[in-house]
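Working notes, structure below.
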Amino acid sequence: MSWNNDNIPEIDFIYDDEQLKSVMANISATLDKNNFGNTGAKLRNMTAMTSYNAERAVNKMVEKTTNEVRNLMRERQYRQPGYRPGTKAFGRKANNQHMVDNLKDHVDGNKHRIYTTTTNGGYNYSQAFEFGLLTKNYPAHHPFQDAANHLGINQPNSSLDDEIDEAIRKGFNV
């Protein structure tokens, strides 16, 4: 692995319900235009509720994933032999401890990106923690990959899909 920031580990969640909203708005308009009573308004309300519930399900999975990565980083972080209470180095944080503190969900609209911003001389430290450094005898720990595998978010029909299905059921349940 090279000493650049081309391989920063991250987990992305993208939530897009614009097609759902567009189709349901067209159906609602057709129902309103053809005098189906308040059915169009009900459909709009159900669509809004579904969209809200789906967004909450995604946010819940993002939080669960962030916590899983953070916990794996804490479990696997390096401890130097002299790293114990009472030593001078104990009060200072090593890069891997800053990495745990800086792990965040960076939200941009409907896109969630989970990564850490800890750098050492401009180099994102999480790359070394995730993939290892052979030149420094620094093993790989794979907290991002293991969190994705453990939660099943990298698989089709994951638990996130089940949460979204439940959100749709709740939204359209009359």
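Every chain in the structure tokens has a letter given in the order shown (A, B, ...), and although residue numbers restart at 1 in each chain, ligands are simply numbered from 1 in the order shown.
Near Arg113 of chain A, within 12 Å and counting only C-alpha atoms, sit Ile8, Pro9, Glu10, Ile11, Asp12, Phe13, Ile14, Tyr15, Asn59, Val62, Glu63, Thr65, Thr66, Leu103, Lys104, Asp105, His106, Val107 and Phe144 of chain A; same-chain residues fewer than 6 positions away were not included.
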Store the residues picked out above, limited to all heavy atoms, as a short mmCIF file (atom, residue, chain, number, x, y, z; two decimals), in the first residue's frame.
data_model
loop_
_atom_site.label_atom_id
_atom_site.label_comp_id
_atom_site.auth_asym_id
_atom_site.auth_seq_id
_atom_site.Cartn_x
_atom_site.Cartn_y
_atom_site.Cartn_z
N ILE A 8 -8.52 5.09 1.87
CA ILE A 8 -9.13 5.38 3.17
C ILE A 8 -10.37 4.49 3.32
O ILE A 8 -11.28 4.54 2.49
CB ILE A 8 -9.52 6.86 3.29
CG1 ILE A 8 -8.27 7.73 3.22
CG2 ILE A 8 -10.28 7.11 4.59
CD1 ILE A 8 -8.54 9.21 3.16
N PRO A 9 -10.40 3.65 4.35
CA PRO A 9 -11.56 2.77 4.52
C PRO A 9 -12.78 3.56 4.95
O PRO A 9 -12.70 4.45 5.79
CB PRO A 9 -11.11 1.79 5.61
CG PRO A 9 -10.05 2.52 6.35
CD PRO A 9 -9.39 3.43 5.38
N GLU A 10 -13.90 3.23 4.33
CA GLU A 10 -15.15 3.88 4.70
C GLU A 10 -16.30 2.95 4.34
O GLU A 10 -16.17 2.06 3.51
CB GLU A 10 -15.32 5.24 4.03
CG GLU A 10 -15.51 5.21 2.55
CD GLU A 10 -15.70 6.60 1.97
OE1 GLU A 10 -14.89 7.49 2.27
OE2 GLU A 10 -16.67 6.77 1.22
N ILE A 11 -17.41 3.18 4.99
CA ILE A 11 -18.64 2.47 4.69
C ILE A 11 -19.66 3.51 4.29
O ILE A 11 -19.87 4.49 5.00
CB ILE A 11 -19.13 1.66 5.91
CG1 ILE A 11 -18.09 0.61 6.29
CG2 ILE A 11 -20.48 1.02 5.63
CD1 ILE A 11 -18.41 -0.16 7.56
N ASP A 12 -20.28 3.31 3.12
CA ASP A 12 -21.23 4.28 2.58
C ASP A 12 -22.65 3.71 2.60
O ASP A 12 -22.86 2.54 2.28
CB ASP A 12 -20.89 4.64 1.13
CG ASP A 12 -19.56 5.35 1.00
OD1 ASP A 12 -19.07 5.87 2.01
OD2 ASP A 12 -19.02 5.38 -0.11
N PHE A 13 -23.59 4.56 2.96
CA PHE A 13 -25.01 4.26 2.85
C PHE A 13 -25.63 5.38 2.03
O PHE A 13 -25.43 6.55 2.35
CB PHE A 13 -25.69 4.24 4.23
CG PHE A 13 -25.33 3.08 5.09
CD1 PHE A 13 -24.25 3.15 5.95
CD2 PHE A 13 -26.08 1.92 5.05
CE1 PHE A 13 -23.92 2.08 6.76
CE2 PHE A 13 -25.75 0.85 5.86
CZ PHE A 13 -24.67 0.93 6.71
N ILE A 14 -26.36 5.02 0.99
CA ILE A 14 -27.04 6.02 0.17
C ILE A 14 -28.52 5.67 0.16
O ILE A 14 -28.90 4.55 -0.17
CB ILE A 14 -26.48 6.06 -1.26
CG1 ILE A 14 -24.99 6.40 -1.22
CG2 ILE A 14 -27.26 7.06 -2.11
CD1 ILE A 14 -24.30 6.27 -2.56
N TYR A 15 -29.33 6.64 0.52
CA TYR A 15 -30.77 6.45 0.59
C TYR A 15 -31.42 7.39 -0.42
O TYR A 15 -31.25 8.59 -0.34
CB TYR A 15 -31.24 6.77 2.02
CG TYR A 15 -32.72 6.87 2.17
CD1 TYR A 15 -33.52 5.75 2.10
CD2 TYR A 15 -33.33 8.10 2.40
CE1 TYR A 15 -34.88 5.83 2.25
CE2 TYR A 15 -34.69 8.20 2.55
CZ TYR A 15 -35.46 7.06 2.48
OH TYR A 15 -36.82 7.16 2.62
N ASN A 59 -30.84 5.58 9.18
CA ASN A 59 -30.09 6.26 10.24
C ASN A 59 -29.75 5.31 11.39
O ASN A 59 -28.65 5.36 11.95
CB ASN A 59 -30.86 7.47 10.77
CG ASN A 59 -30.91 8.60 9.77
OD1 ASN A 59 -30.11 8.65 8.84
ND2 ASN A 59 -31.86 9.50 9.95
N VAL A 62 -26.96 3.05 10.21
CA VAL A 62 -25.70 3.81 10.17
C VAL A 62 -25.12 3.93 11.57
O VAL A 62 -23.92 3.73 11.79
CB VAL A 62 -25.91 5.20 9.53
CG1 VAL A 62 -24.72 6.10 9.77
CG2 VAL A 62 -26.19 5.06 8.04
N GLU A 63 -25.96 4.24 12.54
CA GLU A 63 -25.50 4.36 13.92
C GLU A 63 -24.99 3.02 14.45
O GLU A 63 -23.94 2.95 15.10
CB GLU A 63 -26.64 4.87 14.81
CG GLU A 63 -26.23 5.10 16.23
CD GLU A 63 -27.36 5.67 17.07
OE1 GLU A 63 -28.29 6.27 16.53
OE2 GLU A 63 -27.30 5.48 18.30
N THR A 65 -23.75 0.58 12.65
CA THR A 65 -22.50 0.29 11.96
C THR A 65 -21.35 1.11 12.53
O THR A 65 -20.25 0.59 12.75
CB THR A 65 -22.65 0.57 10.45
OG1 THR A 65 -23.74 -0.20 9.95
CG2 THR A 65 -21.39 0.21 9.69
N THR A 66 -21.59 2.39 12.77
CA THR A 66 -20.55 3.25 13.35
C THR A 66 -20.11 2.72 14.71
O THR A 66 -18.91 2.66 15.01
CB THR A 66 -21.06 4.70 13.48
OG1 THR A 66 -21.50 5.16 12.20
CG2 THR A 66 -19.99 5.63 13.99
N LEU A 103 -13.85 8.86 14.48
CA LEU A 103 -14.74 8.07 13.62
C LEU A 103 -16.13 8.70 13.66
O LEU A 103 -16.72 8.85 14.72
CB LEU A 103 -14.80 6.63 14.11
CG LEU A 103 -15.74 5.73 13.31
CD1 LEU A 103 -15.17 5.48 11.92
CD2 LEU A 103 -15.98 4.44 14.03
N LYS A 104 -16.62 9.10 12.50
CA LYS A 104 -17.91 9.80 12.45
C LYS A 104 -18.70 9.39 11.21
O LYS A 104 -18.15 8.90 10.24
CB LYS A 104 -17.70 11.30 12.42
CG LYS A 104 -17.13 11.84 13.72
CD LYS A 104 -17.15 13.34 13.76
CE LYS A 104 -16.65 13.90 15.05
NZ LYS A 104 -15.55 13.29 15.71
N ASP A 105 -19.98 9.66 11.29
CA ASP A 105 -20.88 9.53 10.15
C ASP A 105 -20.94 10.91 9.50
O ASP A 105 -21.48 11.84 10.07
CB ASP A 105 -22.27 9.10 10.64
CG ASP A 105 -23.32 9.18 9.57
OD1 ASP A 105 -22.97 9.13 8.38
OD2 ASP A 105 -24.51 9.30 9.93
N HIS A 106 -20.36 11.02 8.32
CA HIS A 106 -20.37 12.28 7.58
C HIS A 106 -21.57 12.25 6.65
O HIS A 106 -21.63 11.46 5.72
CB HIS A 106 -19.06 12.43 6.80
CG HIS A 106 -17.86 12.37 7.67
ND1 HIS A 106 -17.30 13.49 8.23
CD2 HIS A 106 -17.11 11.32 8.11
CE1 HIS A 106 -16.25 13.14 8.96
NE2 HIS A 106 -16.12 11.82 8.91
N VAL A 107 -22.55 13.12 6.92
CA VAL A 107 -23.82 13.11 6.20
C VAL A 107 -23.84 14.24 5.17
O VAL A 107 -23.50 15.38 5.47
CB VAL A 107 -25.00 13.29 7.18
CG1 VAL A 107 -26.32 13.24 6.44
CG2 VAL A 107 -24.95 12.24 8.27
N PHE A 144 -13.40 -2.02 9.56
CA PHE A 144 -14.48 -1.64 8.65
C PHE A 144 -15.03 -2.87 7.92
O PHE A 144 -16.24 -3.08 7.86
CB PHE A 144 -13.99 -0.61 7.62
CG PHE A 144 -13.78 0.76 8.20
CD1 PHE A 144 -12.59 1.11 8.79
CD2 PHE A 144 -14.79 1.70 8.15
CE1 PHE A 144 -12.39 2.37 9.33
CE2 PHE A 144 -14.61 2.97 8.68
CZ PHE A 144 -13.41 3.30 9.27
#
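Every residue of chain A found in strand (DSSP E or B) when DSSP is run on the backbone appears here: Ile11, Asp12, Phe13, Ile14, Leu103, Lys104, Asp105, His106, Val107, Asp108, Lys111, His112, Arg113, Ile114, Tyr115, Thr116, Thr119, Asn120, Tyr123, Asn124, Leu133 and Tyr138 of chain A.
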Might you pull out every residue within 12 Å of Val58 of chain A, with only C-alpha atoms counted and same-chain residues fewer than 3 positions away left off, and present them as an MDAnalysis selection string? chainID A and resid 12:17 51:55 61:65 107 110:112 153 159:167
